[in-house]
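The file final.cif comes next; it holds mmCIF, C-alpha atoms and all ligand atoms.
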data_structure
loop_
_atom_site.label_atom_id
_atom_site.label_comp_id
_atom_site.auth_asym_id
_atom_site.auth_seq_id
_atom_site.Cartn_x
_atom_site.Cartn_y
_atom_site.Cartn_z
CA MET R 1 -29.05 -4.83 -15.79
CA SER R 2 -30.97 -5.67 -18.94
CA ASP R 3 -28.82 -8.51 -20.24
CA THR R 4 -27.89 -10.14 -16.97
CA THR R 5 -30.49 -12.73 -16.17
CA ASN R 6 -29.09 -15.16 -13.56
CA GLU R 7 -30.24 -14.96 -9.97
CA SER R 8 -28.09 -13.18 -7.40
CA GLN R 9 -26.62 -15.34 -4.64
CA THR R 10 -24.64 -15.07 -1.44
CA PHE R 11 -20.98 -15.95 -1.78
CA SER R 12 -18.87 -17.53 0.91
CA ALA R 13 -15.13 -17.11 0.41
CA GLU R 14 -15.02 -20.71 -0.77
CA SER R 15 -17.77 -20.35 -3.36
CA TYR R 16 -16.30 -17.04 -4.48
CA PHE R 17 -12.90 -18.54 -5.34
CA ALA R 18 -14.57 -21.61 -6.87
CA THR R 19 -16.57 -19.50 -9.33
CA GLN R 20 -14.62 -16.28 -10.03
CA SER R 21 -11.57 -16.71 -12.22
CA GLN R 22 -8.10 -15.86 -10.98
CA PRO R 23 -6.10 -13.04 -12.59
CA PRO R 24 -3.65 -14.25 -15.26
CA SER R 25 -0.68 -12.62 -13.49
CA LEU R 26 -1.34 -14.29 -10.12
CA ALA R 27 1.19 -17.13 -10.38
CA ALA R 28 4.03 -14.78 -11.39
CA ASP R 29 3.08 -12.26 -8.69
CA ILE R 30 3.13 -14.93 -6.03
CA GLN R 31 6.46 -16.32 -7.15
CA GLY R 32 7.89 -12.84 -6.52
CA VAL R 33 6.25 -12.69 -3.09
CA HIS R 34 7.56 -16.14 -2.24
CA GLU R 35 11.15 -15.14 -3.01
CA PHE R 36 10.79 -11.86 -1.12
CA ILE R 37 9.51 -13.65 1.99
CA GLN R 38 12.36 -16.18 1.85
CA ARG R 39 14.89 -13.33 1.83
CA GLN R 40 13.19 -11.59 4.76
CA ARG R 41 13.09 -14.81 6.76
CA GLN R 42 16.81 -15.24 6.25
CA ALA R 43 17.33 -11.68 7.45
CA ASN R 44 15.05 -12.41 10.44
CA ARG R 45 12.75 -9.47 9.67
CA CYS R 46 9.08 -9.00 10.44
CA VAL R 47 7.00 -8.62 7.29
CA VAL R 48 3.89 -6.48 6.98
CA LEU R 49 1.38 -6.67 4.16
CA VAL R 50 0.02 -3.16 3.56
CA THR R 51 -3.04 -2.97 1.31
CA SER R 52 -3.80 0.44 -0.12
CA GLY R 53 -6.15 2.30 -2.45
CA GLY R 54 -9.61 1.49 -3.77
CA THR R 55 -10.89 -1.46 -5.79
CA THR R 56 -13.06 -1.31 -8.91
CA VAL R 57 -16.11 -3.40 -9.80
CA PRO R 58 -16.37 -3.84 -13.58
CA LEU R 59 -19.85 -3.72 -15.11
CA GLU R 60 -18.85 -5.45 -18.35
CA LEU R 61 -16.43 -8.23 -19.30
CA ASN R 62 -14.91 -5.93 -21.93
CA VAL R 63 -14.71 -3.17 -19.37
CA VAL R 64 -15.82 0.28 -20.35
CA ARG R 65 -17.62 1.14 -17.15
CA PHE R 66 -16.93 0.27 -13.57
CA LEU R 67 -17.81 1.32 -10.04
CA ASP R 68 -14.94 2.62 -7.98
CA ASN R 69 -14.12 3.13 -4.35
CA PHE R 70 -12.68 6.43 -3.14
CA SER R 71 -9.13 6.38 -1.68
CA ALA R 72 -5.99 8.00 -2.93
CA GLY R 73 -3.80 5.49 -1.10
CA THR R 74 -2.39 8.12 1.27
CA ARG R 75 -2.89 6.02 4.40
CA GLY R 76 -1.25 2.95 2.90
CA ALA R 77 1.71 4.70 1.25
CA THR R 78 2.47 6.80 4.33
CA SER R 79 2.17 3.85 6.70
CA ALA R 80 4.46 1.73 4.52
CA GLU R 81 7.20 4.33 4.94
CA TYR R 82 6.94 4.25 8.74
CA PHE R 83 7.01 0.44 8.78
CA LEU R 84 10.15 0.49 6.61
CA LYS R 85 11.72 3.07 8.88
CA ALA R 86 11.07 0.77 11.85
CA GLY R 87 12.90 -2.11 10.14
CA TYR R 88 9.93 -4.05 8.78
CA ALA R 89 9.92 -5.53 5.31
CA VAL R 90 6.81 -4.37 3.45
CA ILE R 91 4.67 -6.02 0.80
CA PHE R 92 2.85 -3.03 -0.61
CA MET R 93 -0.30 -4.25 -2.35
CA HIS R 94 -1.84 -1.20 -3.92
CA ARG R 95 -4.34 -0.03 -6.47
CA GLN R 96 -2.52 0.61 -9.74
CA PHE R 97 -1.54 4.31 -10.04
CA SER R 98 -2.48 5.15 -6.44
CA LEU R 99 0.08 6.79 -4.15
CA GLN R 100 3.28 4.90 -3.39
CA PRO R 101 5.82 5.17 -0.57
CA PHE R 102 8.41 7.91 -1.18
CA SER R 103 7.12 9.13 -4.54
CA ARG R 104 3.92 10.21 -2.71
CA HIS R 105 5.83 13.28 -1.46
CA TYR R 106 5.92 14.57 -5.03
CA SER R 107 2.46 13.61 -6.23
CA HIS R 108 1.72 15.15 -9.61
CA THR R 109 -1.53 16.61 -8.37
CA THR R 110 -0.60 18.01 -4.96
CA ASN R 111 3.13 18.63 -5.13
CA PRO R 112 4.58 18.24 -8.64
CA PHE R 113 8.34 17.72 -8.48
CA LEU R 114 8.95 19.95 -11.52
CA ASN R 115 8.05 22.87 -9.26
CA PHE R 116 11.20 22.19 -7.24
CA LEU R 117 13.64 22.07 -10.13
CA GLU R 118 15.43 25.00 -11.69
CA VAL R 119 17.94 25.46 -14.47
CA ASP R 120 21.23 26.94 -13.30
CA ALA R 121 21.54 30.20 -15.28
CA SER R 122 25.18 30.75 -14.28
CA LEU R 123 26.44 28.33 -16.98
CA PRO R 124 26.99 29.60 -20.54
CA SER R 125 24.31 28.62 -23.01
CA SER R 126 25.28 26.49 -26.03
CA SER R 127 24.93 29.42 -28.48
CA THR R 128 27.57 31.44 -26.54
CA ILE R 129 30.03 28.60 -26.86
CA ASP R 130 29.39 28.02 -30.55
CA SER R 131 29.99 31.69 -31.37
CA ALA R 132 33.35 31.65 -29.54
CA TYR R 133 34.71 29.14 -32.09
CA PRO R 134 33.35 30.39 -35.42
CA TYR R 135 36.59 30.08 -37.49
CA SER R 136 38.58 27.55 -35.55
CA HIS R 137 39.60 24.33 -37.28
CA ASP R 138 39.27 22.56 -33.97
CA PRO R 139 35.87 21.09 -33.39
CA ALA R 140 33.83 23.16 -30.97
CA PRO R 141 33.81 21.61 -27.52
CA MET R 142 30.56 19.93 -26.61
CA ALA R 143 28.17 22.46 -25.21
CA PRO R 144 27.80 21.75 -21.51
CA THR R 145 24.36 20.53 -20.55
CA PRO R 146 22.83 23.18 -18.34
CA GLN R 147 22.70 22.02 -14.75
CA ILE R 148 19.38 21.31 -13.15
CA THR R 149 19.23 21.93 -9.44
CA VAL R 150 16.68 21.56 -6.66
CA THR R 151 15.41 24.77 -5.15
CA LEU R 152 17.13 25.63 -1.89
CA ALA R 153 13.94 25.47 0.14
CA GLU R 154 13.20 21.89 -0.95
CA ARG R 155 16.69 20.40 -0.68
CA ALA R 156 16.59 19.15 2.89
CA ARG R 157 13.24 17.41 2.47
CA LEU R 158 14.14 15.85 -0.86
CA LEU R 159 17.44 14.63 0.51
CA SER R 160 15.79 12.85 3.41
CA VAL R 161 13.14 11.24 1.14
CA LEU R 162 15.81 10.23 -1.37
CA ARG R 163 18.10 8.72 1.28
CA ALA R 164 15.27 6.66 2.76
CA TYR R 165 14.21 5.53 -0.73
CA LYS R 166 17.75 4.49 -1.72
CA ALA R 167 18.31 2.64 1.56
CA VAL R 168 15.12 0.64 1.08
CA HIS R 169 16.17 -0.27 -2.46
CA GLU R 170 19.59 -1.31 -1.30
CA GLN R 171 18.20 -3.50 1.48
CA GLU R 172 15.42 -4.86 -0.80
CA THR R 173 12.82 -4.52 1.93
CA LEU R 174 9.94 -3.24 -0.21
CA HIS R 175 7.97 -5.43 -2.60
CA MET R 176 5.28 -3.90 -4.79
CA LEU R 177 2.12 -5.60 -6.06
CA SER R 178 -0.79 -3.94 -7.79
CA PHE R 179 -4.48 -4.64 -8.34
CA VAL R 180 -7.34 -2.83 -10.01
CA THR R 181 -10.53 -4.86 -9.55
CA VAL R 182 -11.97 -6.27 -6.35
CA ASN R 183 -11.49 -9.73 -7.88
CA GLU R 184 -7.75 -9.15 -8.34
CA TYR R 185 -7.56 -7.81 -4.79
CA LEU R 186 -9.25 -10.88 -3.27
CA TRP R 187 -7.17 -13.42 -5.18
CA LEU R 188 -3.96 -11.60 -4.32
CA LEU R 189 -4.88 -11.21 -0.65
CA ARG R 190 -5.55 -14.92 -0.28
CA ALA R 191 -2.39 -15.98 -2.08
CA VAL R 192 -0.11 -13.49 -0.29
CA SER R 193 -1.62 -14.39 3.10
CA ARG R 194 -0.93 -18.05 2.55
CA GLU R 195 2.65 -17.28 1.55
CA MET R 196 3.07 -15.18 4.68
CA SER R 197 1.89 -17.97 6.97
CA VAL R 198 5.47 -19.35 7.09
CA LEU R 199 6.36 -16.23 9.08
CA GLY R 200 4.00 -17.19 11.91
CA ARG R 201 3.65 -14.34 14.40
CA LYS R 202 6.20 -12.23 12.58
CA ALA R 203 3.61 -11.51 9.90
CA MET R 204 1.48 -8.41 10.21
CA TYR R 205 -1.49 -7.47 8.02
CA TYR R 206 -2.42 -3.82 7.71
CA LEU R 207 -5.54 -3.78 5.57
CA ALA R 208 -6.06 -0.12 4.68
CA ALA R 209 -7.43 -0.59 1.15
CA ALA R 210 -10.97 0.64 0.53
CA VAL R 211 -12.52 -2.59 -0.73
CA SER R 212 -15.89 -2.73 -2.39
CA ASP R 213 -18.59 -4.49 -0.36
CA PHE R 214 -20.54 -5.37 -3.51
CA PHE R 215 -19.64 -6.87 -6.86
CA LEU R 216 -21.07 -8.40 -10.01
CA PRO R 217 -20.11 -12.05 -10.51
CA GLN R 218 -18.45 -12.73 -13.86
CA GLN R 219 -21.33 -15.06 -14.83
CA ARG R 220 -23.77 -12.16 -14.74
CA LEU R 221 -21.61 -9.60 -16.54
CA SER R 222 -22.61 -8.42 -19.97
CA GLU R 223 -19.88 -9.39 -22.46
CA HIS R 224 -19.93 -6.10 -24.34
CA LYS R 225 -20.53 -2.52 -23.43
CA ILE R 226 -24.01 -2.09 -21.96
CA GLN R 227 -26.11 -0.31 -24.55
CA SER R 228 -28.21 2.69 -23.72
CA GLY R 229 -31.59 3.30 -25.29
CA LYS R 230 -33.49 0.69 -23.29
CA GLY R 231 -34.45 3.08 -20.53
CA SER R 232 -32.94 3.11 -17.06
CA LEU R 233 -30.28 0.71 -15.90
CA SER R 234 -30.74 -1.29 -12.73
CA ILE R 235 -27.94 -3.35 -11.32
CA GLU R 236 -28.29 -5.92 -8.60
CA MET R 237 -24.99 -6.62 -6.96
CA ASP R 238 -23.92 -9.45 -4.68
CA GLN R 239 -22.05 -9.06 -1.42
CA VAL R 240 -18.31 -9.53 -1.52
CA PRO R 241 -17.53 -12.41 0.87
CA LYS R 242 -16.20 -11.41 4.29
CA ILE R 243 -12.58 -12.14 3.63
CA LEU R 244 -11.30 -11.46 7.13
CA LYS R 245 -12.97 -14.63 8.33
CA PRO R 246 -10.82 -17.14 6.38
CA LEU R 247 -7.76 -14.88 6.75
CA VAL R 248 -8.00 -15.06 10.55
CA SER R 249 -9.11 -18.65 10.87
CA GLU R 250 -7.42 -20.43 7.94
CA TRP R 251 -4.88 -18.55 5.86
CA ASN R 252 -2.70 -17.31 8.70
CA PRO R 253 -4.13 -17.81 12.20
CA GLU R 254 -0.80 -16.73 13.74
CA GLY R 255 -0.63 -13.39 11.95
CA PHE R 256 -1.18 -10.04 13.68
CA ILE R 257 -4.15 -8.64 11.79
CA VAL R 258 -5.16 -5.00 11.68
CA SER R 259 -8.22 -4.05 9.68
CA PHE R 260 -9.74 -0.62 9.05
CA LYS R 261 -13.32 0.51 9.37
CA LEU R 262 -14.36 3.66 7.57
CA GLU R 263 -17.59 5.44 8.45
CA THR R 264 -19.10 8.79 7.59
CA ASP R 265 -21.26 8.86 10.72
CA GLU R 266 -18.76 9.17 13.57
CA THR R 267 -21.15 7.69 16.13
CA LEU R 268 -20.98 4.37 14.30
CA LEU R 269 -17.19 4.09 14.44
CA VAL R 270 -16.76 2.36 17.79
CA PRO R 271 -19.78 0.02 17.60
CA LYS R 272 -18.97 -1.05 14.04
CA ALA R 273 -15.31 -1.62 14.86
CA GLN R 274 -16.28 -3.69 17.91
CA GLN R 275 -18.70 -5.68 15.79
CA ALA R 276 -15.92 -6.49 13.32
CA LEU R 277 -13.64 -7.71 16.14
CA GLU R 278 -16.41 -9.81 17.59
CA ARG R 279 -17.18 -11.33 14.22
CA TYR R 280 -13.65 -12.17 13.10
CA GLY R 281 -11.63 -12.37 16.32
CA HIS R 282 -8.52 -10.61 15.04
CA GLN R 283 -6.20 -8.22 16.89
CA VAL R 284 -7.03 -4.59 16.03
CA VAL R 285 -9.67 -2.64 14.14
CA ILE R 286 -8.80 0.96 13.36
CA GLY R 287 -11.88 3.13 13.08
CA ASN R 288 -11.65 6.34 11.07
CA ASP R 289 -14.25 8.73 9.81
CA LEU R 290 -14.02 10.13 6.35
CA HIS R 291 -13.56 13.79 7.24
CA HIS R 292 -11.20 13.47 10.20
CA ARG R 293 -9.19 10.43 9.12
CA LYS R 294 -5.95 12.38 8.82
CA TYR R 295 -6.13 13.69 12.40
CA ARG R 296 -8.08 11.20 14.51
CA VAL R 297 -8.45 7.42 14.59
CA VAL R 298 -9.48 4.91 17.23
CA LEU R 299 -7.82 1.54 17.80
CA ILE R 300 -10.22 -1.09 19.08
CA SER R 301 -8.78 -4.34 20.40
CA PRO R 302 -9.80 -7.15 22.76
CA ALA R 303 -9.49 -5.97 26.38
CA ALA R 304 -6.25 -6.96 28.06
CA GLN R 305 -6.70 -9.54 30.84
CA GLU R 306 -5.28 -7.20 33.52
CA ASP R 307 -7.70 -4.43 32.56
CA ALA R 308 -10.59 -6.83 32.78
CA ALA R 309 -9.48 -8.06 36.22
CA LYS R 310 -9.15 -4.47 37.49
CA GLN R 311 -12.85 -3.79 37.02
CA SER R 312 -14.37 -3.77 40.47
CA ASN R 313 -18.02 -3.57 39.50
CA GLY R 314 -17.94 -7.00 37.91
CA VAL R 315 -18.74 -5.69 34.42
CA LEU R 316 -15.72 -6.67 32.41
CA PRO R 317 -14.85 -4.57 29.39
CA LYS R 318 -14.66 -6.64 26.23
CA TYR R 319 -12.74 -4.09 24.19
CA ASP R 320 -10.04 -1.49 24.68
CA LYS R 321 -10.39 1.87 22.96
CA PHE R 322 -7.24 3.82 22.17
CA TRP R 323 -7.61 7.17 20.44
CA ILE R 324 -4.78 8.69 18.44
CA GLU R 325 -5.12 12.36 17.57
CA ILE R 326 -2.86 15.00 16.11
CA ASN R 327 -3.33 18.72 15.69
CA PRO R 328 -5.17 19.35 12.39
CA ASN R 329 -3.26 22.61 11.84
CA GLN R 330 0.11 21.27 10.82
CA PRO R 331 2.92 23.47 9.46
CA SER R 332 3.23 22.79 5.73
CA SER R 333 7.03 22.52 5.92
CA HIS R 334 7.15 19.70 8.49
CA PRO R 335 3.68 18.27 8.88
CA LYS R 336 3.22 15.59 11.51
CA GLU R 337 1.55 12.53 10.01
CA ILE R 338 -0.88 10.50 12.10
CA GLU R 339 0.48 7.30 10.54
CA GLU R 340 3.71 7.77 12.50
CA ASP R 341 1.81 7.36 15.80
CA ILE R 342 -0.41 4.58 14.46
CA ILE R 343 2.58 2.51 13.29
CA ASN R 344 4.54 3.09 16.53
CA GLU R 345 1.59 1.84 18.56
CA LEU R 346 1.02 -1.18 16.30
CA ILE R 347 4.67 -2.18 16.36
CA LYS R 348 4.62 -2.11 20.17
CA ARG R 349 1.59 -4.37 20.17
CA HIS R 350 3.02 -6.66 17.51
CA LYS R 351 6.14 -7.12 19.61
CA THR R 352 4.00 -8.15 22.60
CA TRP R 353 2.08 -10.51 20.29
CA ILE R 354 5.32 -12.17 19.16
CA GLU R 355 6.67 -12.44 22.71
CA SER R 356 3.44 -13.95 24.02
CA ALA R 357 3.61 -16.84 21.55
O1 LIG S 401 -6.34 6.17 1.00
P1 LIG S 401 -6.84 7.31 1.84
O2 LIG S 401 -5.76 7.82 2.74
O3 LIG S 401 -7.47 8.37 1.02
O4 LIG S 401 -8.01 6.70 2.78
C1 LIG S 401 -7.69 5.73 3.73
C2 LIG S 401 -8.92 4.89 4.09
C3 LIG S 401 -9.99 5.79 4.68
C4 LIG S 401 -9.47 4.21 2.84
C5 LIG S 401 -8.49 3.84 5.16
O5 LIG S 401 -8.03 4.47 6.29
C6 LIG S 401 -9.64 2.89 5.51
O6 LIG S 401 -10.44 3.16 6.35
N1 LIG S 401 -9.73 1.76 4.82
C7 LIG S 401 -10.81 0.77 4.99
C8 LIG S 401 -12.04 1.26 4.33
C9 LIG S 401 -13.20 0.33 4.54
O7 LIG S 401 -13.93 0.41 5.55
O8 LIG S 401 -13.36 -0.53 3.67
#
Translate this file's structure into structure tokens.
Amino acid sequence: MSDTTNESQTFSAESYFATQSQPPSLAADIQGVHEFIQRQRQANRCVVLVTSGGTTVPLELNVVRFLDNFSAGTRGATSAEYFLKAGYAVIFMHRQFSLQPFSRHYSHTTNPFLNFLEVDASLPSSSTIDSAYPYSHDPAPMAPTPQITVTLAERARLLSVLRAYKAVHEQETLHMLSFVTVNEYLWLLRAVSREMSVLGRKAMYYLAAAVSDFFLPQQRLSEHKIQSGKGSLSIEMDQVPKILKPLVSEWNPEGFIVSFKLETDETLLVPKAQQALERYGHQVVIGNDLHHRKYRVVLISPAAQEDAAKQSNGVLPKYDKFWIEINPNQPSSHPKEIEEDIINELIKRHKTWIESA
């Protein structure tokens, strides 16, 4: 970029947090998380941190332009609902304005809720009532507000979403946090992870957010909007530090950590997921490819001891592969969601993880 002159460098997590400033709202956000975790500990609940949605990388300090990461937040919002249903408390750390648990069913783009409302025509309109009392000395009764009802076809589904939503509010088992930039995401992830360490093995991390691999350090950002007119723009970005490393080894070594690996070339899914496990030593990597992610995922985890011992040829498997697939042709009225099976499987494994402490 024309007005960014400093050299690029490689950031470790430590040097990243030492040089990139923390978001102003961090302390208040973490106070809320702290109180939430205390309540869940008292209630003896497992807590899962679900990250969801994409992060942005600003190109200017006064941001006009930024790079973004795809992700509507469907995976995260849907998964959060299944965790809540299973009795987990959920910290839902999501990209601002991305999909959220419960309200996702009536997303303004795919399923606007106004489509399911109708005005009940059986009630008299206000003009009818006014004309019935033209000469009376008594004040006209207040015109009844026309009733708004939910279309018959949508009632059952709305009722079940609404009941689940109200129950979660009543039990206070869902805590929302939002981020926009990759910097906000990283600071929040570190602070929330540290708070969750008091939960020991009862903490689960479900890192489904699509996080940028590259960023521009604040020291190299142009203060004002980058001006055009100087020809082409070239940007050299630095690598975002590999945050799973300190999460696994320092911030909460007892936590059950599930990361995601997204690829567009399906043949890379398994090797890349295995590489991530080898590098960071956590519990599960879920591989998904962009075009089939709603119907097929693979869970890669360290091979169980018994499986390894069973191998008779002496070549011990290092990793277990567990595919989860659903039929892509789902009925629109009651579609099966792959997250239901993913969460059931993870909860089973988390339970074993807790019991094996
Ligand atoms: O949010 P969404 O449902 O549109 O997409 C989910 C996803 C593909 C971002 C997620 O499943 C995932 O793979 N997250 C990690 C992406 C990564 O490799 O950084």
With ligand LIG 401 (chain S) as the partner and 6 Å as the cut-off, tabulate the residues of chain R that qualify, each row holding the nearest pair of atoms and their distance in Å to one decimal, using only C-alpha atoms and all ligand atoms, sorted by chain and rising number, as a Markdown table.
| residue | atom | partner | partner_atom | distance |
| --- | --- | --- | --- | --- |
| R:Gly53 | CA | S:LIG401 | O1 | 5.2 |
| R:Ser71 | CA | S:LIG401 | O3 | 3.7 |
| R:Ala72 | CA | S:LIG401 | O3 | 4.2 |
| R:Gly73 | CA | S:LIG401 | O1 | 3.4 |
| R:Thr74 | CA | S:LIG401 | O2 | 3.7 |
| R:Arg75 | CA | S:LIG401 | O2 | 3.8 |
| R:Ala208 | CA | S:LIG401 | N1 | 4.1 |
| R:Ala209 | CA | S:LIG401 | N1 | 4.9 |
| R:Ala210 | CA | S:LIG401 | C8 | 4.0 |
| R:Val211 | CA | S:LIG401 | O8 | 4.9 |
| R:Phe260 | CA | S:LIG401 | C7 | 4.4 |
| R:Lys261 | CA | S:LIG401 | O7 | 3.9 |
| R:Leu262 | CA | S:LIG401 | O7 | 3.9 |
| R:Asn288 | CA | S:LIG401 | O6 | 5.8 |
So the first atom is atom CA of Tyr206 of chain R and the second is atom CA of Leu49 of chain R; what is the distance between them in Å, to one decimal place?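 We find that atom CA of Tyr206 of chain R and atom CA of Leu49 of chain R lie 5.9 Å from each other.
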Do you have the atom CA of Ser259 of chain R-atom CA of Val285 of chain R distance handy?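 Atom CA of Val285 of chain R lies at a distance of 4.9 Å from atom CA of Ser259 of chain R.
From atom CA of Pro317 of chain R back to atom CA of Val297 of chain R, the distance works out to 20.1 Å.
For the set R:Gln274, R:Asn111, R:Ser356, R:Ser249, the residue with the smallest atom-to-atom gap to Arg194 of chain R is R:Ser249, counting only C-alpha atoms.
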Shortest interatomic distance to Leu186 of chain R - which of R:Val90, R:Val248, R:Ala357, R:Leu26, counting all atoms listed in the file: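 Of all the options, R:Leu26 lies closest to Leu186 of chain R.
Ranking R:Ala89, R:Ala13, R:Ala80, R:Ile324 by their shortest atom-to-atom distance to Ile243 of chain R, with only C-alpha atoms included, puts R:Ala13 first.
The closest residue to Ser193 of chain R, picked from R:Phe83, R:Ala156, R:Asn252, R:Gln42 and counting all atoms listed in the file, is R:Asn252.
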Could you tell me which of R:Glu81, R:Glu118, R:Glu184, R:Glu154 comes closest to Ser333 of chain R if we count only C-alpha atoms?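 Ranking R:Glu81, R:Glu118, R:Glu184, R:Glu154 by distance to Ser333 of chain R, first place goes to R:Glu154.
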Taking 5 positions as the minimum chain separation for residues in the same chain, which residues sit within 12 Å of His292 of chain R when counting only C-alpha atoms? Answer as a list of chain:residue names.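 In the requested form, the answer reads R:Leu262, R:Glu263, R:Thr264, R:Asp265, R:Glu266, R:Leu269, R:Gly287, R:Val297, R:Val298, R:Ile324, R:Glu325, R:Ile326, R:Asn327, R:Pro328, R:Ile338.
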With a distance cut-off of 10 Å and only C-alpha atoms, select the neighbouring residues of Leu346 of chain R, excluding the residue or stretch itself and same-chain residues fewer than 3 positions from it, and output the selection as a list in words.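 The residues that qualify are Phe83, Met204, Tyr206, Phe256, Val258, Val284, Leu299, Asp341, Ile342, Ile343, Arg349, His350, Lys351 and Thr352 of chain R.
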